[in-house]
$ cat structure-v7.tsv   # TSV, C-alpha atoms
chain	number	residue	atom	x	y	z
A	1	MET	CA	92.62	116.64	81.65
A	2	PHE	CA	95.38	114.07	81.23
A	3	HIS	CA	97.77	116.66	79.81
A	4	GLN	CA	97.00	119.01	82.69
A	5	SER	CA	97.49	116.21	85.23
A	6	PHE	CA	100.79	115.15	83.67
A	7	GLN	CA	102.00	118.72	83.65
A	8	THR	CA	101.10	119.13	87.33
A	9	ILE	CA	102.94	115.92	88.25
A	10	SER	CA	106.02	117.00	86.30
A	11	LEU	CA	106.14	120.40	87.97
A	12	LEU	CA	105.69	118.96	91.44
A	13	CYS	CA	108.33	116.28	90.91
A	14	PHE	CA	110.76	118.88	89.58
A	15	ALA	CA	110.17	121.03	92.67
A	16	ILE	CA	110.71	118.03	94.92
A	17	GLY	CA	113.95	117.05	93.19
A	18	ALA	CA	115.24	120.61	93.30
A	19	SER	CA	114.53	121.25	96.97
A	20	ALA	CA	115.21	117.92	98.69
A	21	ASP	CA	118.54	118.00	100.53
A	22	LEU	CA	119.08	114.47	101.77
A	23	TYR	CA	122.06	113.33	103.82
A	24	SER	CA	124.31	110.34	103.18
A	25	LEU	CA	127.06	108.91	105.37
A	26	VAL	CA	130.48	109.81	103.92
A	27	ALA	CA	132.93	108.99	106.71
A	28	THR	CA	133.34	107.29	110.07
A	29	ILE	CA	136.17	108.43	112.34
A	30	PRO	CA	137.10	105.73	114.88
A	31	TRP	CA	137.37	106.68	118.53
A	32	ALA	CA	140.79	107.65	119.86
A	33	PRO	CA	142.20	107.35	122.48
A	34	GLY	CA	139.22	105.15	123.47
A	35	THR	CA	135.47	104.64	123.08
A	36	PRO	CA	133.60	107.10	125.32
A	37	SER	CA	130.52	106.36	127.39
A	38	SER	CA	129.89	110.03	128.20
A	39	THR	CA	130.19	112.90	125.73
A	40	ASP	CA	128.65	116.35	125.69
A	41	GLN	CA	128.53	119.16	123.16
A	42	SER	CA	130.23	119.72	119.82
A	43	ALA	CA	131.07	122.55	117.42
A	44	ILE	CA	132.40	123.10	113.90
A	45	TYR	CA	134.65	125.98	112.94
A	46	ASN	CA	136.91	126.54	109.95
A	47	GLY	CA	136.41	122.99	108.66
A	48	THR	CA	137.27	121.46	112.03
A	49	TYR	CA	134.97	119.47	114.32
A	50	TYR	CA	135.31	119.56	118.13
A	51	LEU	CA	133.61	117.15	120.57
A	52	SER	CA	133.66	117.07	124.37
A	53	ASP	CA	134.52	113.62	125.72
A	54	ARG	CA	134.13	113.24	129.49
A	55	THR	CA	135.24	109.60	129.56
A	56	ASN	CA	138.65	110.41	128.10
A	57	LYS	CA	138.87	113.88	129.72
A	58	GLY	CA	139.40	115.83	126.53
A	59	VAL	CA	138.17	117.33	123.26
A	60	HIS	CA	138.36	115.45	119.95
A	61	VAL	CA	139.65	117.56	117.04
A	62	VAL	CA	138.70	116.25	113.57
A	63	SER	CA	139.60	117.66	110.13
A	64	LEU	CA	136.48	117.47	107.98
A	65	ALA	CA	138.54	117.88	104.81
A	66	ASN	CA	140.85	114.96	105.63
A	67	LYS	CA	138.21	113.04	107.60
A	68	THR	CA	140.79	112.29	110.27
A	69	GLN	CA	141.20	113.03	113.96
A	70	ILE	CA	144.17	115.40	114.08
A	71	ASP	CA	144.39	116.22	117.78
A	72	PHE	CA	142.99	115.51	121.23
A	73	ILE	CA	142.98	118.35	123.76
A	74	SER	CA	143.45	117.05	127.32
A	75	GLY	CA	143.55	118.77	130.70
A	76	PHE	CA	139.96	118.42	131.95
A	77	VAL	CA	138.47	117.16	135.21
A	78	THR	CA	136.40	113.98	135.56
A	79	GLY	CA	134.56	113.50	138.84
A	80	LEU	CA	133.56	110.10	140.19
A	81	THR	CA	130.83	109.12	142.64
A	82	LYS	CA	131.38	105.61	144.03
A	83	GLY	CA	133.60	104.88	141.07
A	84	THR	CA	131.10	106.07	138.47
A	85	LEU	CA	131.58	109.11	136.25
A	86	THR	CA	129.20	111.87	137.37
A	87	PRO	CA	128.32	114.45	134.67
A	88	SER	CA	127.54	117.25	137.16
A	89	ILE	CA	131.17	117.28	138.33
A	90	SER	CA	132.87	116.10	135.13
A	91	GLY	CA	134.21	117.76	132.04
A	92	PRO	CA	134.59	118.72	129.32
A	93	ASP	CA	131.01	119.83	128.81
A	94	GLY	CA	129.56	122.70	126.75
A	95	ILE	CA	131.49	124.25	123.86
A	96	VAL	CA	131.27	127.62	122.13
A	97	VAL	CA	133.56	129.01	119.43
A	98	LEU	CA	134.50	132.70	119.56
A	99	ALA	CA	135.30	133.03	115.86
A	100	ASN	CA	136.36	136.67	115.97
A	101	ARG	CA	138.90	135.82	118.69
A	102	ASN	CA	140.02	132.41	117.36
A	103	GLU	CA	139.20	130.97	120.76
A	104	MET	CA	136.96	128.21	122.04
A	105	TYR	CA	135.43	128.13	125.53
A	106	VAL	CA	134.89	124.68	127.05
A	107	GLY	CA	133.13	124.08	130.37
A	108	ASP	CA	134.84	121.85	132.92
A	109	GLY	CA	133.63	119.68	135.79
A	110	ASP	CA	135.14	121.83	138.53
A	111	GLY	CA	133.20	124.96	137.54
A	112	THR	CA	136.00	126.48	135.48
A	113	ILE	CA	136.06	127.46	131.82
A	114	LYS	CA	139.03	126.39	129.73
A	115	VAL	CA	139.94	128.92	127.00
A	116	ILE	CA	141.55	127.20	124.00
A	117	ASN	CA	143.62	128.96	121.35
A	118	LEU	CA	142.35	127.54	118.05
A	119	PHE	CA	145.66	128.15	116.28
A	120	THR	CA	147.56	125.89	118.69
A	121	ASN	CA	144.77	123.84	120.39
A	122	ALA	CA	146.38	124.81	123.70
A	123	ILE	CA	144.57	125.87	126.88
A	124	VAL	CA	145.63	129.50	127.36
A	125	ALA	CA	143.36	130.62	130.22
A	126	ASN	CA	141.33	129.17	133.07
A	127	ILE	CA	138.28	131.23	134.14
A	128	SER	CA	136.57	130.50	137.45
A	129	THR	CA	132.78	130.77	137.60
A	130	GLY	CA	132.80	130.48	141.41
A	131	SER	CA	131.05	127.12	141.21
A	132	LYS	CA	132.32	123.74	142.38
A	133	LYS	CA	130.17	121.93	139.83
A	134	ARG	CA	130.40	121.93	136.07
A	135	ALA	CA	130.33	124.99	133.87
A	136	ASP	CA	127.92	123.65	131.31
A	137	GLU	CA	126.51	125.27	128.17
A	138	PHE	CA	127.39	128.57	126.49
A	139	ALA	CA	126.26	131.39	124.22
A	140	TYR	CA	128.25	134.28	122.74
A	141	ASN	CA	127.57	137.82	121.49
A	142	PRO	CA	130.45	138.66	119.13
A	143	SER	CA	129.56	142.37	118.99
A	144	THR	CA	130.08	142.94	122.71
A	145	GLN	CA	132.41	139.94	123.17
A	146	THR	CA	130.22	138.70	125.99
A	147	VAL	CA	129.94	135.01	126.91
A	148	VAL	CA	127.23	133.52	129.12
A	149	VAL	CA	127.53	130.08	130.71
A	150	ALA	CA	124.91	128.04	132.56
A	151	ASN	CA	125.82	126.68	135.99
A	152	GLY	CA	122.63	124.67	136.18
A	153	ASN	CA	123.72	122.31	138.96
A	154	GLU	CA	124.01	125.09	141.53
A	155	SER	CA	121.23	125.84	144.03
A	156	PRO	CA	119.78	128.14	142.89
A	157	PRO	CA	120.93	127.74	139.28
A	158	LEU	CA	123.06	130.55	137.85
A	159	VAL	CA	124.08	132.05	134.54
A	160	ASN	CA	127.54	133.60	134.73
A	161	ILE	CA	128.56	136.45	132.44
A	162	ILE	CA	132.13	136.53	131.10
A	163	ASN	CA	134.08	139.36	129.48
A	164	ALA	CA	135.87	137.61	126.61
A	165	THR	CA	138.46	140.33	126.10
A	166	SER	CA	139.77	140.10	129.67
A	167	HIS	CA	138.82	136.45	130.40
A	168	THR	CA	137.07	137.54	133.60
A	169	ARG	CA	133.70	136.94	135.20
A	170	ILE	CA	131.69	140.17	135.54
A	171	GLY	CA	128.62	138.89	137.39
A	172	ASN	CA	125.80	136.37	137.39
A	173	ILE	CA	122.03	136.04	137.19
A	174	SER	CA	120.23	133.81	139.69
A	175	PHE	CA	117.18	131.70	138.79
A	176	PRO	CA	115.64	130.97	142.22
A	177	GLY	CA	112.43	129.37	140.91
A	178	ALA	CA	114.09	127.10	138.38
A	179	SER	CA	114.61	123.35	138.61
A	180	GLY	CA	117.81	123.73	136.60
A	181	LEU	CA	119.17	125.40	133.48
A	182	GLU	CA	119.95	124.04	130.05
A	183	GLN	CA	121.08	125.80	126.86
A	184	PRO	CA	121.67	129.56	126.63
A	185	ALA	CA	121.37	131.09	123.14
A	186	PHE	CA	122.08	134.48	121.59
A	187	ASN	CA	119.42	135.94	119.30
A	188	PRO	CA	121.09	138.09	116.62
A	189	THR	CA	117.74	139.65	115.68
A	190	ASP	CA	117.17	141.44	119.00
A	191	SER	CA	120.75	141.10	120.36
A	192	GLN	CA	119.50	139.41	123.54
A	193	PHE	CA	120.50	136.28	125.43
A	194	TYR	CA	117.93	133.60	126.28
A	195	VAL	CA	118.15	130.36	128.28
A	196	SER	CA	116.00	127.22	128.40
A	197	VAL	CA	114.59	126.36	131.82
A	198	PRO	CA	113.09	122.85	132.30
A	199	GLU	CA	110.65	124.04	134.99
A	200	THR	CA	110.17	127.27	136.91
A	201	ASP	CA	107.61	129.14	139.00
A	202	GLY	CA	104.54	129.89	136.89
A	203	ALA	CA	105.71	127.64	134.04
A	204	PRO	CA	105.45	123.95	135.03
A	205	GLY	CA	106.08	122.90	131.41
A	206	GLY	CA	109.25	124.94	131.30
A	207	ALA	CA	110.14	128.29	129.81
A	208	ILE	CA	112.49	130.28	127.62
A	209	GLN	CA	113.75	133.21	129.68
A	210	MET	CA	115.35	136.36	128.31
A	211	MET	CA	118.18	137.90	130.34
A	212	ASN	CA	119.38	141.46	130.89
A	213	VAL	CA	123.11	141.01	130.37
A	214	ASP	CA	124.58	144.09	128.74
A	215	ASN	CA	123.51	146.67	131.30
A	216	ALA	CA	123.93	147.41	134.98
A	217	SER	CA	120.92	145.30	135.95
A	218	LEU	CA	121.80	141.63	135.53
A	219	SER	CA	118.36	140.05	135.73
A	220	ILE	CA	115.64	137.96	134.12
A	221	ALA	CA	113.82	140.24	131.65
A	222	ARG	CA	111.01	138.05	130.25
A	223	THR	CA	109.57	134.58	130.79
A	224	LEU	CA	108.04	132.78	127.81
A	225	PRO	CA	106.23	129.62	128.99
A	226	VAL	CA	106.51	126.48	126.86
A	227	PRO	CA	103.60	124.00	126.88
A	228	GLY	CA	104.51	120.62	128.43
A	229	CYS	CA	108.12	120.38	127.32
A	230	ALA	CA	110.90	120.59	129.94
A	231	PRO	CA	113.06	122.46	127.40
A	232	ALA	CA	116.68	121.43	126.89
A	233	GLY	CA	118.49	122.37	123.66
A	234	ILE	CA	117.51	125.63	121.94
A	235	VAL	CA	118.84	127.45	118.89
A	236	PHE	CA	117.81	130.55	116.97
A	237	GLY	CA	116.93	130.33	113.30
A	238	PRO	CA	115.46	132.97	110.98
A	239	LEU	CA	114.33	136.27	112.49
A	240	ASN	CA	112.94	135.65	115.98
A	241	GLN	CA	112.41	131.90	115.59
A	242	VAL	CA	113.80	129.66	118.32
A	243	PHE	CA	113.76	125.88	117.97
A	244	ILE	CA	113.06	124.16	121.30
A	245	GLY	CA	114.10	120.58	121.97
A	246	CYS	CA	112.22	118.99	124.87
A	247	SER	CA	113.69	116.64	127.50
A	248	SER	CA	113.01	112.91	127.62
A	249	SER	CA	110.90	113.47	130.75
A	250	GLN	CA	108.26	115.07	128.52
A	251	VAL	CA	106.61	111.75	127.69
A	252	ALA	CA	106.33	110.52	131.29
A	253	THR	CA	105.30	113.92	132.68
A	254	PHE	CA	102.98	115.24	129.98
A	255	GLY	CA	101.99	112.13	128.01
A	256	TYR	CA	103.23	113.08	124.54
A	257	SER	CA	106.40	113.80	122.58
A	258	ALA	CA	107.05	116.97	120.60
A	259	SER	CA	109.51	119.73	119.83
A	260	TYR	CA	108.50	123.32	119.16
A	261	ILE	CA	109.35	126.43	117.20
A	262	MET	CA	108.53	129.67	119.03
A	263	ASN	CA	108.45	133.30	117.95
A	264	VAL	CA	110.19	134.99	120.88
A	265	SER	CA	108.84	138.42	119.98
A	266	THR	CA	105.32	137.19	120.83
A	267	GLY	CA	105.92	133.96	122.78
A	268	ALA	CA	103.64	132.12	120.33
A	269	ILE	CA	104.33	128.52	119.33
A	270	ILE	CA	104.36	128.59	115.53
A	271	ALA	CA	105.17	124.91	114.89
A	272	ASN	CA	104.69	121.64	116.78
A	273	ILE	CA	107.00	118.84	115.63
A	274	SER	CA	105.19	115.77	116.90
A	275	GLY	CA	107.14	112.62	117.75
A	276	ILE	CA	110.57	114.21	118.34
A	277	THR	CA	111.69	114.49	121.97
A	278	GLY	CA	114.67	113.80	124.21
A	279	SER	CA	116.93	116.29	122.44
A	280	ASP	CA	120.02	117.79	124.03
A	281	GLN	CA	122.07	119.78	121.54
A	282	VAL	CA	120.16	121.29	118.62
A	283	THR	CA	121.47	123.51	115.85
A	284	TYR	CA	120.47	125.50	112.76
A	285	SER	CA	122.13	125.96	109.37
A	286	SER	CA	121.53	129.09	107.32
A	287	LYS	CA	123.23	127.18	104.47
A	288	THR	CA	120.47	124.55	104.31
A	289	GLY	CA	117.66	126.36	106.12
A	290	TYR	CA	117.17	123.35	108.40
A	291	TYR	CA	117.09	122.75	112.14
A	292	TYR	CA	118.84	119.63	113.46
A	293	ALA	CA	117.65	117.92	116.67
A	294	SER	CA	119.83	115.32	118.38
A	295	ALA	CA	116.89	113.38	119.81
A	296	TYR	CA	119.05	110.70	121.42
A	297	LEU	CA	116.45	109.92	124.11
A	298	ASN	CA	113.53	109.87	121.69
A	299	THR	CA	110.91	107.15	122.24
A	300	VAL	CA	108.10	105.71	120.14
A	301	ASN	CA	105.42	103.84	122.13
A	302	HIS	CA	107.86	103.80	125.07
A	303	VAL	CA	110.54	102.09	122.95
A	304	PRO	CA	113.89	103.92	122.70
A	305	THR	CA	114.15	105.29	119.15
A	306	PRO	CA	117.13	107.65	119.00
A	307	VAL	CA	117.32	109.78	115.86
A	308	LEU	CA	118.87	112.87	114.40
A	309	ALA	CA	115.92	114.80	112.96
A	310	VAL	CA	116.35	117.27	110.10
A	311	ILE	CA	113.51	119.79	110.22
A	312	THR	CA	112.43	122.75	108.09
A	313	THR	CA	111.70	126.17	109.59
A	314	ASN	CA	107.97	125.48	109.26
A	315	GLY	CA	108.31	122.32	111.36
A	316	THR	CA	108.32	119.62	108.66
A	317	ILE	CA	110.60	116.64	109.29
A	318	VAL	CA	112.50	115.92	106.06
A	319	GLN	CA	114.79	113.18	107.35
A	320	LYS	CA	115.47	110.98	110.35
A	321	ILE	CA	118.88	109.40	110.77
A	322	THR	CA	119.15	106.52	113.25
A	323	THR	CA	121.65	107.24	116.03
A	324	ASP	CA	122.11	105.92	119.58
A	325	ASN	CA	121.01	106.83	123.11
A	326	VAL	CA	124.52	107.13	124.59
A	327	THR	CA	126.76	109.63	122.80
A	328	ALA	CA	124.49	110.99	120.04
A	329	HIS	CA	123.15	113.94	121.99
A	330	ALA	CA	125.61	116.21	120.18
A	331	VAL	CA	125.11	117.54	116.64
A	332	SER	CA	126.99	120.15	114.63
A	333	VAL	CA	126.65	121.49	111.08
A	334	ASP	CA	129.41	123.02	108.97
A	335	PRO	CA	128.19	126.56	108.17
A	336	LEU	CA	129.86	126.53	104.74
A	337	THR	CA	128.97	123.08	103.40
A	338	GLY	CA	125.98	121.90	105.42
A	339	THR	CA	127.91	118.76	106.46
A	340	VAL	CA	126.49	117.21	109.64
A	341	VAL	CA	128.49	115.39	112.31
A	342	VAL	CA	127.10	113.19	115.09
A	343	PRO	CA	128.96	110.81	117.46
A	344	ILE	CA	127.83	107.16	117.76
A	345	LYS	CA	129.37	105.09	120.55
A	346	ALA	CA	129.51	101.76	118.69
A	347	LYS	CA	130.88	103.27	115.47
A	348	GLY	CA	132.72	106.56	115.98
A	349	ILE	CA	132.29	110.12	114.77
A	350	MET	CA	129.87	109.98	111.83
A	351	ILE	CA	130.05	112.54	109.02
A	352	TYR	CA	127.03	113.06	106.75
A	353	ALA	CA	127.05	115.17	103.58
A	354	LEU	CA	124.25	116.51	101.43
A	355	GLY	CA	123.53	114.21	98.49
A	356	ASN	CA	125.49	111.15	97.38
A	357	ALA	CA	129.23	110.98	97.99
A	358	THR	CA	132.07	108.53	98.47
A	359	THR	CA	132.28	106.76	101.81
A	360	THR	CA	135.52	107.08	103.75
A	361	THR	CA	136.81	104.78	106.46
A	362	SER	CA	139.36	106.57	108.61
A	363	THR	CA	141.97	105.67	111.15
A	364	ALA	CA	143.32	108.04	113.75
A	365	ILE	CA	146.25	108.96	111.49
A	366	ALA	CA	145.33	107.97	107.93
A	367	THR	CA	142.40	107.86	105.51
A	368	THR	CA	141.40	105.44	102.79
A	369	SER	CA	138.48	105.92	100.41
A	370	THR	CA	136.20	103.43	98.68
A	371	LYS	CA	133.16	103.95	96.52
A	372	SER	CA	129.94	103.76	98.49
A	373	THR	CA	127.99	100.52	98.12
A	374	THR	CA	125.40	101.43	100.71
A	375	SER	CA	122.00	99.89	100.05
A	376	ALA	CA	118.68	101.66	100.52
A	377	THR	CA	118.65	100.54	104.14
A	378	GLY	CA	122.20	101.67	104.91
A	379	SER	CA	123.80	104.91	106.05
A	380	SER	CA	122.24	104.54	109.50
A	381	GLY	CA	118.78	104.83	108.00
A	382	ALA	CA	119.57	108.06	106.20
A	383	GLN	CA	118.91	107.04	102.61
A	384	ILE	CA	115.78	105.01	103.23
A	385	ASN	CA	114.19	107.83	105.18
A	386	GLY	CA	114.91	110.25	102.34
A	387	ILE	CA	113.49	107.86	99.73
A	388	GLU	CA	110.36	107.23	101.79
A	389	TYR	CA	109.89	110.97	102.21
A	390	LEU	CA	110.20	111.66	98.46
A	391	PHE	CA	108.04	108.67	97.52
A	392	GLY	CA	105.30	109.85	99.87
A	393	ILE	CA	105.28	113.30	98.34
A	394	VAL	CA	105.21	111.88	94.79
A	395	VAL	CA	102.22	109.69	95.69
A	396	ILE	CA	100.40	112.73	97.05
A	397	ALA	CA	101.28	114.69	93.94
A	398	VAL	CA	99.95	111.94	91.65
A	399	SER	CA	96.74	111.61	93.65
A	400	PHE	CA	96.20	115.36	93.56
A	401	ALA	CA	96.82	115.52	89.82
A	402	MET	CA	94.30	112.73	89.10
A	403	LEU	CA	91.60	114.87	90.63
A	404	LEU	CA	92.19	117.70	88.18
$ encode --input "structure-v7.tsv" --output "structure tokens"
Amino acid sequence: MFHQSFQTISLLCFAIGASADLYSLVATIPWAPGTPSSTDQSAIYNGTYYLSDRTNKGVHVVSLANKTQIDFISGFVTGLTKGTLTPSISGPDGIVVLANRNEMYVGDGDGTIKVINLFTNAIVANISTGSKKRADEFAYNPSTQTVVVANGNESPPLVNIINATSHTRIGNISFPGASGLEQPAFNPTDSQFYVSVPETDGAPGGAIQMMNVDNASLSIARTLPVPGCAPAGIVFGPLNQVFIGCSSSQVATFGYSASYIMNVSTGAIIANISGITGSDQVTYSSKTGYYYASAYLNTVNHVPTPVLAVITTNGTIVQKITTDNVTAHAVSVDPLTGTVVVPIKAKGIMIYALGNATTTTSTAIATTSTKSTTSATGSSGAQINGIEYLFGIVVIAVSFAMLL
């Protein structure tokens, strides 16, 4: 029995060691030209990180290889109400990279879309959505070169459809029963666009709505209700899986905190990730097989507990990295390396890599490297969460083996 138990423990520990991808902090990029109090979405393309910064009216451009900010794209509109920055009329906002065109679309506070040439980081086109309030979040179908953008602050809220080859708006879809609109997403499995709706007629907990975009009838095609969520960030993972991040209002309105994974072909919730809420931008990496939820307005027992949650496609949380509740509602993952980037107001742009690595302290124009001396409680909580996770699994494995 002892030999069998030892063998079981060894096999389980080997499996754990082989499969656990834990993140460590490897670099901090200081803010330039200044520390922001209002940021929005981010993206990574070709080893470069982009972040919308409404406070400084521009987009940060960071080289992940050099771990240095290499540019700052200005030319955006910031709107003030009684001297205070107002997100609904301020930019830059949502970001989407059009990789097959080497362009990036960035929403602005005056309802326009700035088209940026990624070879030069210059604004080369200005597309009007017809709105006077911000053009917010985007999705892109590279096959048809169609972009959709949410104008969620309009009444009623709208999704505008853009022809990327001509840089022109070709129409819009109205959402008359919706309280607002959040993240659109393109599903490569069924080649359809979806959008998260915090609340709409017939779905008080919110919904994921599919849109008819690539035909003559621009309309809402399907409504998939979400239980007690007020959905915000969404992203597609394997097959027809969509990860749904719920708004911070979920706790006050519905009395619990959770995120969900839905199968959009059936509308069924296939995973409930308890204790993770208040997410804005969420993303998925086919490199790691993980979802990443920027739960910057997460709470535990009504206490603000902002985290970046790393989650498997079956809904298991494998790591929580402590963040903040100001700028950390953006998260991006490098599709080639699995590197994760999240902005923290008090520190800067934080870069996390899989496994152990050297830690780099950067300036706006230069980089110096030192060997990491982070303790088990360092790296913004990253390492200790990973160790606790592995230790818990090992304890379970040992207990299971003793019963054999």
$ residues_around --input "structure-v7.tsv" --residues "Thr327 of chain A" --least-positions-apart "3" --cutoff "12 Å" --atoms "only C-alpha atoms" --output "PyMOL selection string"
chain A and resi 31+35-42+51-55+279-281+294-297+306-308+323-324+330-331+342-350
$ closest_residue --input "structure-v7.tsv" --among "A:Ile116, A:Ile220, A:Ala122, A:Ala230" --to "Ser248 of chain A" --atoms "only C-alpha atoms"
A:Ala230
$ residues_around --input "structure-v7.tsv" --residues "Ala271 of chain A" --least-positions-apart "5" --cutoff "6 Å" --atoms "only C-alpha atoms" --output "PyMOL selection string"
chain A and resi 260-261+315
$ write_last_selection --input "structure-v7.tsv" --atoms "C-alpha atoms" --output "CSV table (one decimal), in the frame of the given file"
chain,number,residue,atom,x,y,z
A,260,TYR,CA,108.5,123.3,119.2
A,261,ILE,CA,109.4,126.4,117.2
A,315,GLY,CA,108.3,122.3,111.4
$ closest_residue --input "structure-v7.tsv" --among "A:Val226, A:Gly58, A:Gly83, A:Leu64" --to "Gly107 of chain A" --atoms "all atoms listed in the file"
A:Gly58
$ closest_residue --input "structure-v7.tsv" --among "A:Met262, A:Val97, A:Lys114, A:Val282" --to "Gln183 of chain A" --atoms "all atoms listed in the file"
A:Val282
$ atom_distance --input "structure-v7.tsv" --atom1 "atom CA of Met210 of chain A" --atom2 "atom CA of Glu103 of chain A"
25.6 Å
$ closest_residue --input "structure-v7.tsv" --among "A:Ile244, A:Val197, A:Ile173, A:Ile29" --to "Met211 of chain A" --atoms "only C-alpha atoms"
A:Ile173
$ closest_residue --input "structure-v7.tsv" --among "A:Asn263, A:Asn240, A:Asn126, A:Gln209" --to "Asp190 of chain A" --atoms "all atoms listed in the file"
A:Asn240
$ closest_residue --input "structure-v7.tsv" --among "A:Asn314, A:Asn325, A:Phe72, A:Ala43" --to "Ile123 of chain A" --atoms "only C-alpha atoms"
A:Phe72
$ atom_distance --input "structure-v7.tsv" --atom1 "atom CA of Ser259 of chain A" --atom2 "atom CA of Phe236 of chain A"
13.9 Å
$ axis_aligned_box --input "structure-v7.tsv" --around "segment 233-240 of chain A" --padding-each-side "5 Å" --output "JSON"
{"center_x": 115.9, "center_y": 129.3, "center_z": 117.3, "size_x": 15.9, "size_y": 23.9, "size_z": 22.7}
$ residues_near_point --input "structure-v7.tsv" --point "(126.9, 124.2, 133.1)" --cutoff "8 Å" --atoms "all atoms listed in the file" --output "number ranges by chain"
A: 93-94, 107, 111, 133-138, 149-153, 181-182
$ build_atoms --input "structure-v7.tsv" --residues "segment 202-213 of chain A" --atoms "N, CA, C and O atoms" --output "mmCIF file, keeping the file's coordinate frame"
data_model
loop_
_atom_site.group_PDB
_atom_site.id
_atom_site.type_symbol
_atom_site.label_atom_id
_atom_site.label_comp_id
_atom_site.auth_asym_id
_atom_site.auth_seq_id
_atom_site.Cartn_x
_atom_site.Cartn_y
_atom_site.Cartn_z
ATOM 1 N N GLY A 202 105.477 129.349 137.865
ATOM 2 C CA GLY A 202 104.540 129.890 136.890
ATOM 3 C C GLY A 202 104.620 129.240 135.527
ATOM 4 O O GLY A 202 103.820 129.568 134.648
ATOM 5 N N ALA A 203 105.573 128.320 135.328
ATOM 6 C CA ALA A 203 105.710 127.640 134.040
ATOM 7 C C ALA A 203 106.097 126.182 134.278
ATOM 8 O O ALA A 203 107.254 125.797 134.107
ATOM 9 N N PRO A 204 105.139 125.346 134.694
ATOM 10 C CA PRO A 204 105.450 123.950 135.030
ATOM 11 C C PRO A 204 105.945 123.139 133.829
ATOM 12 O O PRO A 204 106.626 122.127 134.005
ATOM 13 N N GLY A 205 105.603 123.581 132.615
ATOM 14 C CA GLY A 205 106.080 122.900 131.410
ATOM 15 C C GLY A 205 107.414 123.394 130.937
ATOM 16 O O GLY A 205 107.950 122.905 129.943
ATOM 17 N N GLY A 206 107.972 124.361 131.675
ATOM 18 C CA GLY A 206 109.250 124.940 131.300
ATOM 19 C C GLY A 206 109.076 126.285 130.628
ATOM 20 O O GLY A 206 107.954 126.733 130.342
ATOM 21 N N ALA A 207 110.203 126.948 130.372
ATOM 22 C CA ALA A 207 110.140 128.290 129.810
ATOM 23 C C ALA A 207 111.433 128.624 129.080
ATOM 24 O O ALA A 207 112.483 128.011 129.314
ATOM 25 N N ILE A 208 111.331 129.613 128.196
ATOM 26 C CA ILE A 208 112.490 130.280 127.620
ATOM 27 C C ILE A 208 112.539 131.655 128.283
ATOM 28 O O ILE A 208 111.575 132.426 128.208
ATOM 29 N N GLN A 209 113.644 131.955 128.950
ATOM 30 C CA GLN A 209 113.750 133.210 129.680
ATOM 31 C C GLN A 209 114.816 134.113 129.066
ATOM 32 O O GLN A 209 115.931 133.674 128.774
ATOM 33 N N MET A 210 114.426 135.372 128.836
ATOM 34 C CA MET A 210 115.350 136.360 128.310
ATOM 35 C C MET A 210 116.073 137.033 129.465
ATOM 36 O O MET A 210 115.477 137.291 130.513
ATOM 37 N N MET A 211 117.366 137.344 129.257
ATOM 38 C CA MET A 211 118.180 137.900 130.340
ATOM 39 C C MET A 211 118.675 139.300 129.990
ATOM 40 O O MET A 211 119.031 139.577 128.847
ATOM 41 N N ASN A 212 118.675 140.181 130.990
ATOM 42 C CA ASN A 212 119.380 141.460 130.890
ATOM 43 C C ASN A 212 120.842 141.199 131.199
ATOM 44 O O ASN A 212 121.200 140.900 132.333
ATOM 45 N N VAL A 213 121.692 141.332 130.202
ATOM 46 C CA VAL A 213 123.110 141.010 130.370
ATOM 47 C C VAL A 213 123.998 142.229 130.144
ATOM 48 O O VAL A 213 124.943 142.472 130.895
#
